[in-house]
Amino acid sequence: MKKISFCIAVFLTASASFADTTIYSTGFESPSFVFGSLQGQQGWFVDADYPYNVQSARVFAGSRALSYDTAPGGPDAYAYKSFAPTYNSATSAEKTVVASSQIFIQSNPEFPDSYSWAGLNAYSGAPNIANIVNIEFDASGACKLTNTFNEIFSTVTAAPDAWHNVELVLNFATGTARGKIDGVDLGISLSFPETTLADVDLVSRPYGYNMVYFDNYLVKSISTGLTVSGTLTLGNFSGSTAQAMTAVIKSGSTVVDTKAISVATNGSYSFTTSAAPGTYDVYFQGVTWLAKKVSGVNLVAGTNTVSTTLLNGDTVLDNTVDLSDYTAVITAFNAIPSSGNWNARADLTQDGVVDLTDYTVIVTNFNSIGN
Ligand SMILES: [Ca+2]
Ligand SMILES: [Ca+2]
Ligand SMILES: [Ca+2]
């Protein structure tokens with residue numbers, strides 16, 4: 001199918017954590033887009049140079065939109081723009097991607113049997129390999145989701161000769177793809193095992209002769225996870241840098257989610273989790289603090305506050321304050337970072353010196369064991 005790979009600038013909008021992140025958005029407006037073939041404009045690629053054109057005769061918003069003339073089109077026709085970087089669920093805070101476009105299929109009274117399909121087609125790998133799933137509707141009003149193995153029709157319909165907001169919803173946390181037409185869920189879903197998204201095509205499958213129009217194309221990632229935030233009171237800490245720690249959400253002995261978190265010097269933290277709403281035990285552990293379990297936390301949709309106090313002293317990391325930690329502090333006693341016997345982990349207070357305060361932490365918390 002598509003074999004050309006290229007680097008292109010994208011409109012990647014960095015945003016605050018847990019908010020929507022726009023991966024790419026366009027209304028095909030001037031001056032970014034000029035009239036005529038979409039091929040090569042703003043990094044768009046048109047498969048086999050099929051007739052995707054920027055025009056003004058029919059628009060949803062602004063003064064320009066995209067048309068596709070199915071008459072000379074091939075069996076499947078695609079226009080796409082690769083995302084850079086590719087959406088990657090392993091590194092993205094947001095686990096759901098929504099691709100959407102306004103799409104208009106013009107019926108053709110001259111050829112009443114013409115009912116070309118149009119929609120969105122998502123790919124996990126660039127350039128355009130490993131088809132994930134697509135959503136389409138045709139001039140008869142039929143709507144469907146398809147992937148390599150399945151084609152599922154919906155009872156929801158979309159009449160021709162009108163603009164419809166077509167949405168492909170890819171939930172990477174649950175591995176489920178759904179679709180919406182004008183905000184109405186199609187009531188069907190397909191599973192998919194993907195972790196990445198490289199592009200979402202504006203697609204048409206010509207059947208007879210119809211004009212198809214696209215406008216307001218948008219791909220964004222959104223958070224559907226629960227947010228957990230609060231304050232971890234860091235015992236015996238006087239440092240000035242954020243602490244890299246781990247939060248673990250467990251249901252009984254089952255680990256539901258593990259998150260690397262950054263704890264500010266004032267103890268504040270925040271993260272999203274793919275855990276479903278429910279009651280869990282939440283653990284915090286890291287640096288020289290013993291693991292702390294907060295039991296029976298009821299996580300609900302939205303923001304949840306979980307705060308607790310962490311016990312310091314685990315110089316030799318084994319979730320216990322014992323003789324090995326004591327020995328490490330004694331060995332590094334009176335050291336500063338330039339000293340030969342410096343051990344940053346023995347500086348439990350993180351004030352740049354291993355001294356009596358660190359020793360006292362060990363003695364005070366001696367024989368303590370983390371959760
Ligand atoms: Ca437009
Ligand atoms: Ca220890
Ligand atoms: Ca110290």
# chains A, B, ... in the order shown; residues from 1 in each chain; ligands from 1
$ closest_atom_pairs --of "segment 13-79 of chain A" --to "segment 161-166 of chain A" --cutoff "12 Å" --atoms "only C-alpha atoms" --output "CSV"
residue,atom,partner,partner_atom,distance
A:Arg58,CA,A:Trp163,CA,10.1
A:Val59,CA,A:Trp163,CA,9.2
A:Phe60,CA,A:Trp163,CA,7.1
A:Ala61,CA,A:Trp163,CA,10.6
A:Ala65,CA,A:Trp163,CA,11.8
$ write_last_selection --atoms "C-alpha atoms" --output "mmCIF file, in the first residue's frame"
data_model
loop_
_atom_site.group_PDB
_atom_site.id
_atom_site.type_symbol
_atom_site.label_atom_id
_atom_site.label_comp_id
_atom_site.auth_asym_id
_atom_site.auth_seq_id
_atom_site.Cartn_x
_atom_site.Cartn_y
_atom_site.Cartn_z
ATOM 1 C CA ARG A 58 -18.548 22.394 0.375
ATOM 2 C CA VAL A 59 -17.073 23.044 3.808
ATOM 3 C CA PHE A 60 -18.069 22.224 7.373
ATOM 4 C CA ALA A 61 -16.148 25.090 8.962
ATOM 5 C CA ALA A 65 -12.368 21.435 3.233
#
$ closest_atom_pairs --of "chain A" --to "ligand 1" --cutoff "8 Å" --atoms "only C-alpha atoms and all ligand atoms" --output "tab-separated table"
residue	atom	partner	partner_atom_place_in_ligand_line	distance
A:Thr26	CA	ligand 1	1 (Ca)	7.7
A:Gly27	CA	ligand 1	1 (Ca)	3.9
A:Phe28	CA	ligand 1	1 (Ca)	5.2
A:Glu29	CA	ligand 1	1 (Ca)	5.4
A:Val59	CA	ligand 1	1 (Ca)	5.8
A:Phe60	CA	ligand 1	1 (Ca)	6.0
A:Ala61	CA	ligand 1	1 (Ca)	4.5
A:Gly62	CA	ligand 1	1 (Ca)	4.5
A:Ser63	CA	ligand 1	1 (Ca)	5.6
A:Arg64	CA	ligand 1	1 (Ca)	4.4
A:Ala65	CA	ligand 1	1 (Ca)	4.5
A:Leu66	CA	ligand 1	1 (Ca)	7.9
A:Asp215	CA	ligand 1	1 (Ca)	5.2
A:Asn216	CA	ligand 1	1 (Ca)	5.9
$ write_last_selection --atoms "N, CA and C atoms" --output "mmCIF file, in the first residue's frame"
data_model
loop_
_atom_site.group_PDB
_atom_site.id
_atom_site.type_symbol
_atom_site.label_atom_id
_atom_site.label_comp_id
_atom_site.auth_asym_id
_atom_site.auth_seq_id
_atom_site.Cartn_x
_atom_site.Cartn_y
_atom_site.Cartn_z
ATOM 1 N N THR A 26 -6.412 19.709 11.890
ATOM 2 C CA THR A 26 -6.438 20.646 10.762
ATOM 3 C C THR A 26 -7.859 20.814 10.241
ATOM 4 N N GLY A 27 -8.127 22.016 9.722
ATOM 5 C CA GLY A 27 -9.390 22.281 9.019
ATOM 6 C C GLY A 27 -9.140 22.542 7.544
ATOM 7 N N PHE A 28 -7.911 22.244 7.095
ATOM 8 C CA PHE A 28 -7.521 22.413 5.680
ATOM 9 C C PHE A 28 -7.662 23.858 5.217
ATOM 10 N N GLU A 29 -7.399 24.788 6.162
ATOM 11 C CA GLU A 29 -7.618 26.198 5.858
ATOM 12 C C GLU A 29 -6.400 26.869 5.226
ATOM 13 N N VAL A 59 -17.926 23.048 2.623
ATOM 14 C CA VAL A 59 -17.073 23.044 3.808
ATOM 15 C C VAL A 59 -17.953 22.845 5.043
ATOM 16 N N PHE A 60 -17.362 22.300 6.093
ATOM 17 C CA PHE A 60 -18.069 22.224 7.373
ATOM 18 C C PHE A 60 -17.798 23.476 8.190
ATOM 19 N N ALA A 61 -16.539 23.911 8.195
ATOM 20 C CA ALA A 61 -16.148 25.090 8.962
ATOM 21 C C ALA A 61 -15.067 25.827 8.210
ATOM 22 N N GLY A 62 -14.970 27.113 8.419
ATOM 23 C CA GLY A 62 -13.976 27.917 7.730
ATOM 24 C C GLY A 62 -14.355 28.085 6.280
ATOM 25 N N SER A 63 -13.348 28.141 5.424
ATOM 26 C CA SER A 63 -13.638 28.366 4.005
ATOM 27 C C SER A 63 -13.068 27.271 3.102
ATOM 28 N N ARG A 64 -12.418 26.259 3.727
ATOM 29 C CA ARG A 64 -11.884 25.183 2.892
ATOM 30 C C ARG A 64 -12.124 23.818 3.551
ATOM 31 N N ALA A 65 -12.246 22.809 2.750
ATOM 32 C CA ALA A 65 -12.368 21.435 3.233
ATOM 33 C C ALA A 65 -11.766 20.533 2.162
ATOM 34 N N LEU A 66 -11.784 19.243 2.434
ATOM 35 C CA LEU A 66 -11.204 18.280 1.507
ATOM 36 C C LEU A 66 -12.337 17.569 0.769
ATOM 37 N N ASP A 215 -13.661 17.456 6.729
ATOM 38 C CA ASP A 215 -13.232 18.725 7.327
ATOM 39 C C ASP A 215 -13.009 18.489 8.827
ATOM 40 N N ASN A 216 -12.321 19.442 9.459
ATOM 41 C CA ASN A 216 -12.059 19.386 10.911
ATOM 42 C C ASN A 216 -11.550 18.021 11.369
#
$ residues_near_ligand --ligand "ligand 3" --cutoff "6 Å" --atoms "only C-alpha atoms and all ligand atoms" --output "PyMOL selection string"
chain A and resi 347-355+358
$ closest_residue --among "A:Thr279, A:Ser307, A:Asn371, A:Gln41" --to "Tyr80 of chain A" --atoms "only C-alpha atoms"
A:Gln41
$ residues_near_ligand --ligand "ligand 2" --cutoff "9 Å" --atoms "only C-alpha atoms and all ligand atoms" --output "list in words"
Thr288, Leu290, Gly313, Asp314, Thr315, Val316, Leu317, Asp318, Asn319, Thr320, Val321, Asp322, Leu323, Ser324, Asp325, Tyr326 and Ile369 of chain A
$ write_last_selection --atoms "N, CA and C atoms" --output "CSV table (one decimal), in the first residue's frame"
chain,number,residue,atom,x,y,z
A,288,THR,N,15.0,6.1,50.1
A,288,THR,CA,15.4,5.5,51.3
A,288,THR,C,14.2,5.3,52.3
A,290,LEU,N,10.8,3.4,53.6
A,290,LEU,CA,10.2,2.1,53.6
A,290,LEU,C,8.8,2.1,52.9
A,313,GLY,N,15.2,5.7,56.4
A,313,GLY,CA,16.2,4.9,57.0
A,313,GLY,C,16.7,3.7,56.2
A,314,ASP,N,16.1,3.4,55.0
A,314,ASP,CA,16.5,2.2,54.3
A,314,ASP,C,17.7,2.5,53.4
A,315,THR,N,18.8,2.7,54.0
A,315,THR,CA,20.1,3.0,53.2
A,315,THR,C,20.4,1.9,52.3
A,316,VAL,N,20.5,0.7,52.8
A,316,VAL,CA,20.7,-0.5,52.0
A,316,VAL,C,19.3,-1.1,51.6
A,317,LEU,N,18.9,-0.8,50.4
A,317,LEU,CA,17.5,-1.0,50.0
A,317,LEU,C,17.0,-2.5,50.1
A,318,ASP,N,16.3,-2.8,51.2
A,318,ASP,CA,15.6,-4.1,51.3
A,318,ASP,C,14.3,-4.0,52.1
A,319,ASN,N,13.8,-2.8,52.2
A,319,ASN,CA,12.5,-2.5,52.9
A,319,ASN,C,12.6,-2.8,54.4
A,320,THR,N,13.8,-2.7,54.9
A,320,THR,CA,13.9,-2.9,56.4
A,320,THR,C,15.0,-2.0,56.9
A,321,VAL,N,14.9,-1.4,58.1
A,321,VAL,CA,15.9,-0.6,58.7
A,321,VAL,C,16.6,-1.5,59.7
A,322,ASP,N,17.8,-2.0,59.4
A,322,ASP,CA,18.5,-2.9,60.3
A,322,ASP,C,20.0,-2.7,60.4
A,323,LEU,N,20.7,-3.6,60.8
A,323,LEU,CA,22.1,-3.5,61.0
A,323,LEU,C,22.9,-3.1,59.7
A,324,SER,N,22.5,-3.5,58.6
A,324,SER,CA,23.2,-3.2,57.4
A,324,SER,C,23.1,-1.7,57.1
A,325,ASP,N,21.9,-1.1,57.4
A,325,ASP,CA,21.7,0.3,57.2
A,325,ASP,C,22.6,1.1,58.2
A,326,TYR,N,22.6,0.6,59.4
A,326,TYR,CA,23.4,1.2,60.5
A,326,TYR,C,24.8,1.3,60.1
A,369,ILE,N,10.1,-2.4,59.5
A,369,ILE,CA,9.9,-3.1,58.3
A,369,ILE,C,8.8,-2.5,57.5
$ select_by_dssp --residues "segment 195-246 of chain A" --states "strand (DSSP E or B)" --output "PyMOL selection string"
chain A and resi 196-197+199-205+211-222+226-234+243-246
$ closest_residue --among "A:Ser89, A:Ser268, A:Asn210, A:Ser240" --to "Pro193 of chain A" --atoms "only C-alpha atoms"
A:Ser89
$ closest_atom_pairs --of "segment 177-242 of chain A" --to "segment 49-54 of chain A" --cutoff "12 Å" --atoms "only C-alpha atoms" --output "CSV"
residue,atom,partner,partner_atom,distance
A:Leu202,CA,A:Tyr52,CA,9.6
A:Val203,CA,A:Tyr52,CA,10.2
A:Ser204,CA,A:Tyr52,CA,10.3
A:Arg205,CA,A:Tyr50,CA,11.7
A:Pro206,CA,A:Tyr50,CA,11.3
A:Met211,CA,A:Tyr52,CA,10.4
A:Val212,CA,A:Tyr52,CA,9.3
A:Tyr213,CA,A:Tyr52,CA,9.1
A:Phe214,CA,A:Val54,CA,9.5
A:Asp215,CA,A:Val54,CA,9.9
$ write_last_selection --atoms "N, CA and C atoms" --output "compact mmCIF listing (two decimals), in the first residue's frame"
# COMPACT_ATOMS: atom_id res chain seq x y z
N LEU A 202 -7.83 9.31 6.25
CA LEU A 202 -9.16 9.65 5.73
C LEU A 202 -9.35 8.70 4.56
N VAL A 203 -10.32 7.80 4.72
CA VAL A 203 -10.42 6.68 3.79
C VAL A 203 -11.75 6.71 3.05
N SER A 204 -11.73 6.20 1.83
CA SER A 204 -12.97 5.97 1.10
C SER A 204 -12.86 4.68 0.32
N ARG A 205 -13.97 3.96 0.28
CA ARG A 205 -14.02 2.74 -0.52
C ARG A 205 -15.09 2.95 -1.59
N PRO A 206 -14.66 3.34 -2.80
CA PRO A 206 -15.63 3.69 -3.84
C PRO A 206 -16.52 2.51 -4.24
N MET A 211 -19.46 11.84 -4.32
CA MET A 211 -18.48 12.79 -3.81
C MET A 211 -18.46 12.67 -2.29
N VAL A 212 -17.26 12.70 -1.73
CA VAL A 212 -17.09 12.61 -0.28
C VAL A 212 -16.29 13.84 0.17
N TYR A 213 -16.65 14.39 1.32
CA TYR A 213 -15.96 15.58 1.83
C TYR A 213 -15.50 15.35 3.27
N PHE A 214 -14.34 15.91 3.60
CA PHE A 214 -13.78 15.81 4.95
C PHE A 214 -13.42 17.21 5.44
N ASP A 215 -13.66 17.46 6.73
CA ASP A 215 -13.23 18.73 7.33
C ASP A 215 -13.01 18.49 8.83
$ select_by_dssp --residues "segment 110-344 of chain A" --states "helix (DSSP H, G or I)" --output "number ranges by chain"
A: 323-331, 344
$ write_last_selection --atoms "N, CA and C atoms" --output "PDB file, in the first residue's frame"
ATOM      1  N   LEU A 323      20.715  -3.648  60.753  1.00  0.00           N
ATOM      2  CA  LEU A 323      22.146  -3.484  61.001  1.00  0.00           C
ATOM      3  C   LEU A 323      22.913  -3.052  59.738  1.00  0.00           C
ATOM      4  N   SER A 324      22.485  -3.536  58.577  1.00  0.00           N
ATOM      5  CA  SER A 324      23.215  -3.171  57.353  1.00  0.00           C
ATOM      6  C   SER A 324      23.082  -1.675  57.074  1.00  0.00           C
ATOM      7  N   ASP A 325      21.910  -1.107  57.364  1.00  0.00           N
ATOM      8  CA  ASP A 325      21.721   0.334  57.173  1.00  0.00           C
ATOM      9  C   ASP A 325      22.569   1.106  58.191  1.00  0.00           C
ATOM     10  N   TYR A 326      22.575   0.618  59.419  1.00  0.00           N
ATOM     11  CA  TYR A 326      23.359   1.232  60.502  1.00  0.00           C
ATOM     12  C   TYR A 326      24.838   1.252  60.128  1.00  0.00           C
ATOM     13  N   THR A 327      25.324   0.118  59.647  1.00  0.00           N
ATOM     14  CA  THR A 327      26.739  -0.009  59.277  1.00  0.00           C
ATOM     15  C   THR A 327      27.086   0.940  58.127  1.00  0.00           C
ATOM     16  N   ALA A 328      26.162   1.059  57.160  1.00  0.00           N
ATOM     17  CA  ALA A 328      26.421   1.940  56.000  1.00  0.00           C
ATOM     18  C   ALA A 328      26.541   3.394  56.447  1.00  0.00           C
ATOM     19  N   VAL A 329      25.717   3.788  57.393  1.00  0.00           N
ATOM     20  CA  VAL A 329      25.781   5.167  57.883  1.00  0.00           C
ATOM     21  C   VAL A 329      27.061   5.391  58.689  1.00  0.00           C
ATOM     22  N   ILE A 330      27.415   4.417  59.520  1.00  0.00           N
ATOM     23  CA  ILE A 330      28.654   4.541  60.302  1.00  0.00           C
ATOM     24  C   ILE A 330      29.871   4.631  59.367  1.00  0.00           C
ATOM     25  N   THR A 331      29.858   3.808  58.317  1.00  0.00           N
ATOM     26  CA  THR A 331      30.973   3.790  57.362  1.00  0.00           C
ATOM     27  C   THR A 331      31.134   5.142  56.663  1.00  0.00           C
ATOM     28  N   ALA A 344      25.750   8.526  49.054  1.00  0.00           N
ATOM     29  CA  ALA A 344      24.561   9.392  48.984  1.00  0.00           C
ATOM     30  C   ALA A 344      23.375   8.761  49.717  1.00  0.00           C
TER      31      ALA A 344
END
$ atom_distance --atom1 "atom CA of Thr174 of chain A" --atom2 "atom CA of Ser100 of chain A"
19.9 Å
$ residues_around --residues "Pro109 of chain A" --least-positions-apart "5" --cutoff "12 Å" --atoms "only C-alpha atoms" --output "PyMOL selection string"
chain A and resi 114-115+139+160-161+208-210
$ residues_around --residues "Ser25 of chain A" --least-positions-apart "2" --cutoff "10 Å" --atoms "only C-alpha atoms" --output "PyMOL selection string"
chain A and resi 10-12+22-23+27-28+99-101+216-220
$ atom_distance --atom1 "atom CA of Val133 of chain A" --atom2 "atom CA of Thr157 of chain A"
19.0 Å
$ residues_around --residues "Asp185 of chain A" --least-positions-apart "4" --cutoff "10 Å" --atoms "only C-alpha atoms" --output "list in words"
Ser154, Val156, Glu167, Leu168, Val169, Arg178, Gly179, Lys180, Ile181 and Ser189 of chain A
$ write_last_selection --atoms "C-alpha atoms" --output "mmCIF file, in the first residue's frame"
data_model
loop_
_atom_site.group_PDB
_atom_site.id
_atom_site.type_symbol
_atom_site.label_atom_id
_atom_site.label_comp_id
_atom_site.auth_asym_id
_atom_site.auth_seq_id
_atom_site.Cartn_x
_atom_site.Cartn_y
_atom_site.Cartn_z
ATOM 1 C CA SER A 154 -24.194 -1.050 13.696
ATOM 2 C CA VAL A 156 -26.907 3.401 14.185
ATOM 3 C CA GLU A 167 -15.114 9.336 15.789
ATOM 4 C CA LEU A 168 -12.802 6.381 16.242
ATOM 5 C CA VAL A 169 -12.108 5.781 19.954
ATOM 6 C CA ARG A 178 -15.224 1.774 19.520
ATOM 7 C CA GLY A 179 -16.832 4.291 17.198
ATOM 8 C CA LYS A 180 -19.253 7.174 17.382
ATOM 9 C CA ILE A 181 -21.323 8.999 14.785
ATOM 10 C CA SER A 189 -16.532 -2.796 19.688
#
$ decode --residues "segment 295-336 of chain A" --atoms "C-alpha atoms" --output "mmCIF file, in the first residue's frame"
data_model
loop_
_atom_site.group_PDB
_atom_site.id
_atom_site.type_symbol
_atom_site.label_atom_id
_atom_site.label_comp_id
_atom_site.auth_asym_id
_atom_site.auth_seq_id
_atom_site.Cartn_x
_atom_site.Cartn_y
_atom_site.Cartn_z
ATOM 1 C CA SER A 295 -5.397 0.149 52.842
ATOM 2 C CA GLY A 296 -8.892 0.111 51.451
ATOM 3 C CA VAL A 297 -8.692 3.160 49.201
ATOM 4 C CA ASN A 298 -11.898 3.649 47.224
ATOM 5 C CA LEU A 299 -10.834 4.994 43.836
ATOM 6 C CA VAL A 300 -13.566 6.762 41.903
ATOM 7 C CA ALA A 301 -13.642 8.397 38.474
ATOM 8 C CA GLY A 302 -11.853 11.728 38.634
ATOM 9 C CA THR A 303 -9.356 12.799 41.261
ATOM 10 C CA ASN A 304 -8.661 10.796 44.407
ATOM 11 C CA THR A 305 -6.591 12.054 47.323
ATOM 12 C CA VAL A 306 -4.275 9.604 49.052
ATOM 13 C CA SER A 307 -1.838 10.973 51.631
ATOM 14 C CA THR A 308 0.386 9.236 54.145
ATOM 15 C CA THR A 309 3.681 9.440 56.030
ATOM 16 C CA LEU A 310 6.783 7.541 54.973
ATOM 17 C CA LEU A 311 9.478 6.215 57.315
ATOM 18 C CA ASN A 312 13.106 6.964 56.372
ATOM 19 C CA GLY A 313 16.238 4.868 56.993
ATOM 20 C CA ASP A 314 16.503 2.181 54.295
ATOM 21 C CA THR A 315 20.056 3.009 53.202
ATOM 22 C CA VAL A 316 20.692 -0.533 51.975
ATOM 23 C CA LEU A 317 17.468 -1.007 50.048
ATOM 24 C CA ASP A 318 15.650 -4.077 51.337
ATOM 25 C CA ASN A 319 12.531 -2.504 52.880
ATOM 26 C CA THR A 320 13.948 -2.930 56.373
ATOM 27 C CA VAL A 321 15.936 -0.629 58.686
ATOM 28 C CA ASP A 322 18.477 -2.912 60.309
ATOM 29 C CA LEU A 323 22.146 -3.484 61.001
ATOM 30 C CA SER A 324 23.215 -3.171 57.353
ATOM 31 C CA ASP A 325 21.721 0.334 57.173
ATOM 32 C CA TYR A 326 23.359 1.232 60.502
ATOM 33 C CA THR A 327 26.739 -0.009 59.277
ATOM 34 C CA ALA A 328 26.421 1.940 56.000
ATOM 35 C CA VAL A 329 25.781 5.167 57.883
ATOM 36 C CA ILE A 330 28.654 4.541 60.302
ATOM 37 C CA THR A 331 30.973 3.790 57.362
ATOM 38 C CA ALA A 332 30.047 7.072 55.680
ATOM 39 C CA PHE A 333 29.979 9.076 58.886
ATOM 40 C CA ASN A 334 31.105 12.713 58.523
ATOM 41 C CA ALA A 335 31.319 12.308 54.723
ATOM 42 C CA ILE A 336 30.357 15.045 52.293
#
